[in-house]
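Visitor: Next comes the structure file work_31.tsv, holding TSV, C-alpha atoms and all ligand atoms.
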chain	number	residue	atom	x	y	z
A	92	MET	CA	-23.31	22.19	-49.59
A	93	PRO	CA	-26.97	22.81	-50.52
A	94	GLU	CA	-29.29	23.34	-47.51
A	95	THR	CA	-31.67	20.48	-48.38
A	96	PHE	CA	-28.74	18.06	-48.73
A	97	ARG	CA	-27.29	19.19	-45.40
A	98	LYS	CA	-30.68	18.58	-43.72
A	99	GLU	CA	-30.96	15.13	-45.29
A	100	ILE	CA	-27.54	14.17	-43.89
A	101	ALA	CA	-28.44	15.49	-40.40
A	102	ARG	CA	-31.70	13.49	-40.49
A	103	GLU	CA	-29.86	10.34	-41.58
A	104	ILE	CA	-27.29	10.69	-38.75
A	105	LEU	CA	-30.12	11.04	-36.22
A	106	ARG	CA	-31.94	8.05	-37.72
A	107	LEU	CA	-28.80	5.88	-37.51
A	108	SER	CA	-28.41	6.97	-33.85
A	109	GLY	CA	-31.89	5.61	-33.18
A	110	ILE	CA	-33.49	9.05	-32.80
A	111	GLU	CA	-36.87	9.34	-34.50
A	112	VAL	CA	-37.32	12.68	-36.25
A	113	THR	CA	-40.83	13.74	-37.21
A	114	LEU	CA	-40.91	16.62	-39.63
A	115	PRO	CA	-43.87	18.35	-41.29
A	116	PRO	CA	-44.46	17.54	-44.95
A	117	GLU	CA	-41.85	19.10	-47.24
A	118	LYS	CA	-44.28	21.52	-48.90
A	119	GLU	CA	-45.65	22.80	-45.61
A	120	ARG	CA	-42.14	23.20	-44.18
A	121	GLU	CA	-41.02	25.14	-47.25
A	122	GLY	CA	-44.04	27.41	-46.86
A	123	GLN	CA	-43.19	28.10	-43.20
A	124	GLU	CA	-39.55	28.85	-44.04
A	125	GLU	CA	-40.59	31.18	-46.86
A	126	GLU	CA	-42.96	33.03	-44.57
A	127	ILE	CA	-40.32	33.42	-41.87
A	128	SER	CA	-37.72	34.68	-44.29
A	129	GLU	CA	-40.25	37.09	-45.81
A	130	LYS	CA	-40.90	38.55	-42.35
A	131	SER	CA	-37.14	38.83	-41.72
A	132	ARG	CA	-36.73	40.61	-45.03
A	133	LEU	CA	-39.53	43.08	-44.29
A	134	LEU	CA	-38.15	43.77	-40.81
A	135	ARG	CA	-34.68	44.32	-42.21
A	136	GLU	CA	-36.07	46.75	-44.79
A	137	LEU	CA	-37.92	48.65	-42.08
A	138	MET	CA	-34.78	48.78	-39.94
A	139	GLU	CA	-32.75	50.10	-42.87
A	140	GLU	CA	-35.39	52.75	-43.44
A	141	LEU	CA	-35.07	53.79	-39.80
A	142	GLU	CA	-31.27	53.93	-39.67
A	143	GLY	CA	-30.42	57.61	-39.66
A	144	CYS	CA	-34.01	58.64	-38.76
A	145	ARG	CA	-34.14	62.28	-37.65
A	146	LEU	CA	-37.88	62.70	-37.28
A	147	CYS	CA	-37.67	63.71	-33.63
A	148	GLY	CA	-34.99	65.37	-31.53
A	149	LEU	CA	-33.89	62.10	-29.92
A	150	HIS	CA	-31.69	61.27	-32.91
A	151	ALA	CA	-29.16	63.86	-31.74
A	152	GLU	CA	-27.88	61.91	-28.74
A	153	ARG	CA	-28.36	58.30	-29.76
A	154	THR	CA	-25.37	55.98	-29.95
A	155	ASN	CA	-27.42	53.24	-31.61
A	156	LEU	CA	-30.92	52.93	-32.89
A	157	VAL	CA	-32.70	50.21	-30.89
A	158	PHE	CA	-34.99	48.63	-33.45
A	159	GLY	CA	-36.11	45.44	-31.72
A	160	VAL	CA	-34.94	41.89	-31.32
A	161	GLY	CA	-36.27	38.35	-31.48
A	162	ASN	CA	-38.06	35.86	-33.63
A	163	PRO	CA	-39.77	37.51	-36.64
A	164	ASP	CA	-42.39	34.74	-36.41
A	165	ALA	CA	-42.95	35.16	-32.66
A	166	ARG	CA	-46.39	34.42	-31.21
A	167	LEU	CA	-45.65	36.68	-28.25
A	168	MET	CA	-44.44	40.25	-28.52
A	169	PHE	CA	-43.32	42.46	-25.61
A	170	ILE	CA	-43.43	46.22	-25.96
A	171	GLY	CA	-41.60	48.50	-23.56
A	172	GLU	CA	-41.26	52.28	-23.59
A	173	ALA	CA	-37.75	53.31	-24.73
A	174	PRO	CA	-34.10	52.27	-24.66
A	175	GLY	CA	-32.02	53.00	-21.56
A	176	ALA	CA	-28.27	53.68	-21.39
A	177	GLU	CA	-27.18	50.07	-21.85
A	178	GLU	CA	-29.68	49.46	-24.66
A	179	ASP	CA	-28.46	52.62	-26.42
A	180	ARG	CA	-24.87	51.38	-26.08
A	181	GLN	CA	-25.61	47.87	-27.36
A	182	GLY	CA	-28.42	48.63	-29.83
A	183	GLU	CA	-30.68	45.96	-28.31
A	184	PRO	CA	-33.78	46.40	-26.12
A	185	PHE	CA	-33.93	45.11	-22.53
A	186	VAL	CA	-30.30	44.13	-22.02
A	187	GLY	CA	-29.63	45.71	-18.60
A	188	ALA	CA	-30.97	44.70	-15.20
A	189	ALA	CA	-34.57	45.19	-16.38
A	190	GLY	CA	-33.83	42.93	-19.33
A	191	LYS	CA	-32.65	40.18	-17.00
A	192	ARG	CA	-35.94	40.48	-15.08
A	193	LEU	CA	-37.85	40.27	-18.37
A	194	ASN	CA	-35.90	37.12	-19.28
A	195	VAL	CA	-37.09	35.52	-16.03
A	196	TRP	CA	-40.69	36.33	-16.95
A	197	ILE	CA	-40.21	34.86	-20.44
A	198	GLU	CA	-38.84	31.67	-18.88
A	199	TYR	CA	-41.84	31.58	-16.55
A	200	LEU	CA	-43.97	31.30	-19.69
A	201	GLY	CA	-41.92	28.29	-20.78
A	202	LEU	CA	-40.26	30.27	-23.58
A	203	ARG	CA	-36.77	31.46	-24.45
A	204	ARG	CA	-35.88	35.06	-25.27
A	205	GLU	CA	-35.07	34.06	-28.87
A	206	GLU	CA	-38.63	32.77	-29.29
A	207	VAL	CA	-40.39	36.06	-28.55
A	208	TYR	CA	-40.03	39.52	-30.09
A	209	ILE	CA	-39.13	42.58	-28.02
A	210	ALA	CA	-39.50	46.20	-29.12
A	211	ASN	CA	-40.14	49.65	-27.67
A	212	ILE	CA	-42.42	52.61	-28.32
A	213	LEU	CA	-39.32	54.73	-29.07
A	214	LYS	CA	-36.27	53.51	-30.97
A	215	CYS	CA	-33.88	56.14	-29.55
A	216	ARG	CA	-33.00	56.81	-25.93
A	217	PRO	CA	-34.65	59.81	-24.22
A	218	PRO	CA	-32.05	61.78	-22.20
A	219	GLY	CA	-31.79	60.65	-18.57
A	220	ASN	CA	-34.22	57.80	-19.32
A	221	ARG	CA	-37.17	60.17	-19.02
A	222	THR	CA	-40.65	59.07	-20.12
A	223	PRO	CA	-41.35	59.39	-23.87
A	224	ARG	CA	-43.06	62.65	-24.81
A	225	PRO	CA	-46.26	62.60	-26.90
A	226	ASP	CA	-44.57	64.34	-29.85
A	227	GLU	CA	-41.75	61.77	-29.90
A	228	ALA	CA	-44.23	58.89	-29.67
A	229	ALA	CA	-46.31	60.41	-32.48
A	230	PHE	CA	-43.27	60.22	-34.77
A	231	CYS	CA	-42.01	56.81	-33.68
A	232	VAL	CA	-45.11	54.68	-33.00
A	233	PRO	CA	-46.01	54.30	-36.71
A	234	PHE	CA	-42.75	52.29	-37.09
A	235	LEU	CA	-43.77	50.05	-34.20
A	236	ARG	CA	-47.20	49.56	-35.80
A	237	ARG	CA	-45.47	48.37	-38.99
A	238	GLN	CA	-43.28	46.03	-36.95
A	239	ILE	CA	-46.39	44.52	-35.35
A	240	GLU	CA	-48.06	44.19	-38.73
A	241	ILE	CA	-45.06	42.27	-40.11
A	242	ILE	CA	-44.60	39.99	-37.09
A	243	SER	CA	-48.35	39.50	-36.63
A	244	PRO	CA	-48.07	38.03	-33.10
A	245	SER	CA	-50.88	36.10	-31.42
A	246	ILE	CA	-50.59	38.27	-28.32
A	247	ILE	CA	-48.88	41.48	-27.16
A	248	VAL	CA	-47.73	42.27	-23.62
A	249	THR	CA	-47.14	45.95	-22.93
A	250	LEU	CA	-44.65	46.74	-20.18
A	251	GLY	CA	-45.43	49.85	-18.11
A	252	ALA	CA	-47.84	52.76	-18.53
A	253	PRO	CA	-46.29	54.55	-21.58
A	254	ALA	CA	-46.23	51.38	-23.72
A	255	PHE	CA	-49.93	50.77	-23.03
A	256	LYS	CA	-50.84	54.43	-23.47
A	257	TYR	CA	-49.09	55.00	-26.79
A	258	LEU	CA	-49.95	51.66	-28.38
A	259	LEU	CA	-53.64	51.72	-27.51
A	260	GLU	CA	-54.06	55.51	-27.28
A	261	ARG	CA	-55.59	55.31	-23.83
A	262	SER	CA	-54.71	57.19	-20.71
A	263	ASP	CA	-55.77	54.70	-17.98
A	264	GLY	CA	-53.32	54.11	-15.14
A	265	ILE	CA	-51.31	50.89	-15.31
A	266	THR	CA	-52.44	49.76	-11.84
A	267	LYS	CA	-56.03	49.88	-13.06
A	268	VAL	CA	-55.54	48.11	-16.40
A	269	ARG	CA	-52.81	45.54	-15.70
A	270	GLY	CA	-53.86	41.96	-16.28
A	271	GLN	CA	-56.96	42.94	-18.26
A	272	GLU	CA	-57.37	41.90	-21.85
A	273	PHE	CA	-57.47	44.66	-24.48
A	274	SER	CA	-57.29	44.45	-28.24
A	275	TYR	CA	-54.98	46.04	-30.79
A	276	ARG	CA	-56.29	45.50	-34.34
A	277	GLY	CA	-57.72	42.15	-33.26
A	278	ILE	CA	-54.60	41.06	-31.34
A	279	PRO	CA	-55.11	40.49	-27.58
A	280	VAL	CA	-53.05	42.89	-25.45
A	281	ILE	CA	-52.24	42.28	-21.78
A	282	PRO	CA	-50.65	45.22	-19.99
A	283	THR	CA	-48.37	44.61	-17.03
A	284	TYR	CA	-45.73	46.50	-15.06
A	285	HIS	CA	-42.36	47.44	-16.52
A	286	PRO	CA	-39.53	45.24	-15.19
A	287	ALA	CA	-37.57	48.38	-14.15
A	288	TYR	CA	-40.49	49.32	-11.89
A	289	ILE	CA	-40.52	45.80	-10.41
A	290	LEU	CA	-36.80	46.11	-9.60
A	291	ARG	CA	-37.73	49.17	-7.51
A	292	SER	CA	-40.93	47.63	-6.09
A	293	PRO	CA	-40.35	43.85	-5.91
A	294	ALA	CA	-43.47	43.29	-3.80
A	295	ARG	CA	-45.58	43.95	-6.91
A	296	GLU	CA	-44.01	41.17	-8.94
A	297	ARG	CA	-46.66	38.76	-7.68
A	298	GLU	CA	-49.18	40.73	-9.81
A	299	VAL	CA	-46.93	40.36	-12.87
A	300	TYR	CA	-47.02	36.57	-12.49
A	301	LEU	CA	-50.83	36.70	-12.35
A	302	ASP	CA	-50.77	38.69	-15.59
A	303	LEU	CA	-48.37	36.19	-17.14
A	304	ASP	CA	-50.71	33.35	-16.17
A	305	LYS	CA	-53.34	35.10	-18.26
A	306	VAL	CA	-50.88	35.40	-21.16
A	307	ARG	CA	-50.17	31.69	-20.92
A	308	GLU	CA	-53.91	30.94	-21.02
A	309	ILE	CA	-54.38	33.06	-24.14
A	310	LEU	CA	-51.36	31.50	-25.85
A	311	ARG	CA	-52.87	28.10	-25.17
A	312	ARG	CA	-56.20	28.92	-26.77
A	313	LEU	CA	-54.80	30.81	-29.81
A	314	PRO	CA	-53.00	29.40	-32.87
A	401	LIG	S1	-37.09	58.07	-31.59
A	401	LIG	FE1	-38.03	57.22	-33.43
A	401	LIG	S2	-38.85	59.01	-34.55
A	401	LIG	FE2	-37.32	59.78	-33.07
A	401	LIG	S3	-35.40	59.86	-34.20
A	401	LIG	FE3	-35.47	57.87	-33.16
A	401	LIG	S4	-36.34	56.47	-34.68
A	401	LIG	FE4	-36.79	58.55	-35.38
What would you get if you wrote out this structure as structure tokens?
Ligand code: SF4
Guide:
Amino acid sequence: MPETFRKEIAREILRLSGIEVTLPPEKEREGQEEEISEKSRLLRELMEELEGCRLCGLHAERTNLVFGVGNPDARLMFIGEAPGAEEDRQGEPFVGAAGKRLNVWIEYLGLRREEVYIANILKCRPPGNRTPRPDEAAFCVPFLRRQIEIISPSIIVTLGAPAFKYLLERSDGITKVRGQEFSYRGIPVIPTYHPAYILRSPAREREVYLDLDKVREILRRLP
């Protein structure tokens, strides 16, 4: 059944049930759908390009490439440092205990995980979950920059020191910069702690919520 016809039927059922459905004008809606599918296509192409990447030594031990996950049209993008063991196994970022903590933060912002986009500085797991090395980041970050360019989020939240350092090419400590507003090619960036760190130091989570309040403020004022 054609998509437009299926939508018409769904709308009619809702109307007959007494539920008022307000939709944007057809042309505008088509434009939005085209844009979303164009972003999905570009992300898929980038992911296909990356499958089998051997630019740095991390390819040798990966089970899965961890490209990124979420809404290609997300207004909010989270960037962490690298996949851990569970992420490497499942091929998705932030799926372990740290991922559950991140989900709580996303909910605090009034959003669902499917509404944001989540990616890492590195797409392959460093052995023993060690911090990304500069040479590995130098190879992998250009892919992340292309991801950001495609998604074009309204705001980026970096999680932990390496994400901030390699995205913005700055060496400031995370305790000093967290909660401050920076800019990446015109996109506001708010650095905060990595959820894995918060699991080890729960007393610092209060600061994360202050940072998220700032994110919420920025999301409110931006399109
Ligand atoms: S970490 Fe990035 S640059 Fe290195 S092999 Fe994986 S995808 Fe390629």
Visitor: CA of Tyr275 in chain A and CA of Ile247 in chain A are how many Å apart?
Guide: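 Interatomic distance here is 8.4 Å.
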Visitor: May I have the residues within 6 Å of ligand LIG 401 (chain A), computed using only C-alpha atoms and all ligand atoms, as an mmCIF file with C-alpha atoms, in the coordinates of the input?
Guide:
data_model
loop_
_atom_site.group_PDB
_atom_site.id
_atom_site.type_symbol
_atom_site.label_atom_id
_atom_site.label_comp_id
_atom_site.auth_asym_id
_atom_site.auth_seq_id
_atom_site.Cartn_x
_atom_site.Cartn_y
_atom_site.Cartn_z
ATOM 1 C CA LEU A 141 -35.070 53.790 -39.800
ATOM 2 C CA CYS A 144 -34.010 58.640 -38.760
ATOM 3 C CA ARG A 145 -34.140 62.280 -37.650
ATOM 4 C CA LEU A 146 -37.880 62.700 -37.280
ATOM 5 C CA CYS A 147 -37.670 63.710 -33.630
ATOM 6 C CA LEU A 149 -33.890 62.100 -29.920
ATOM 7 C CA HIS A 150 -31.690 61.270 -32.910
ATOM 8 C CA LEU A 213 -39.320 54.730 -29.070
ATOM 9 C CA LYS A 214 -36.270 53.510 -30.970
ATOM 10 C CA CYS A 215 -33.880 56.140 -29.550
ATOM 11 C CA GLU A 227 -41.750 61.770 -29.900
ATOM 12 C CA PHE A 230 -43.270 60.220 -34.770
ATOM 13 C CA CYS A 231 -42.010 56.810 -33.680
#
Visitor: Quick one: everything within 10 Å of Met168 in chain A, counting all atoms listed in the file, minus sequence neighbours fewer than 4 positions away in the same chain. Send it as a list in words.
Guide: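 Counting only the stated atoms, we get Gly161, Asn162, Pro163, Asp164, Glu206, Val207, Tyr208, Ile209, Ala210, Ile239, Ile242, Ser243, Pro244, Ser245, Ile246, Ile247, Val248, Thr249 and Val280 of chain A.
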Visitor: I'd like the box whose edges run along x, y and z of the file and which contains every listed atom of range 296-311 of chain A, padded by 4 Å per side; could you state its centre and edge lengths in Å, one decimal, as JSON?
Guide:
{"center_x": -49.2, "center_y": 34.6, "center_z": -16.8, "size_x": 18.4, "size_y": 21.1, "size_z": 26.2}
Visitor: I'd like the interatomic distance between CA of Gly219 in chain A and CA of Ile197 in chain A, to a tenth of an Å.
Guide: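 Computing the Euclidean distance for CA of Gly219 in chain A and CA of Ile197 in chain A yields 27.2 Å.
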Visitor: Which residue, A:Arg236, A:Arg166, A:Lys256, A:Arg135, has the smallest gap to Pro282 in chain A when you use all atoms listed in the file?
Guide: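 Smallest distance to Pro282 in chain A is found for A:Lys256.
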Visitor: I'd like to know which of A:Leu258, A:Ala228, A:Val299, A:Ala176 is closest to Phe273 in chain A, using all atoms listed in the file.
Guide: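 The shortest atom-to-atom distance to Phe273 in chain A comes from A:Leu258.
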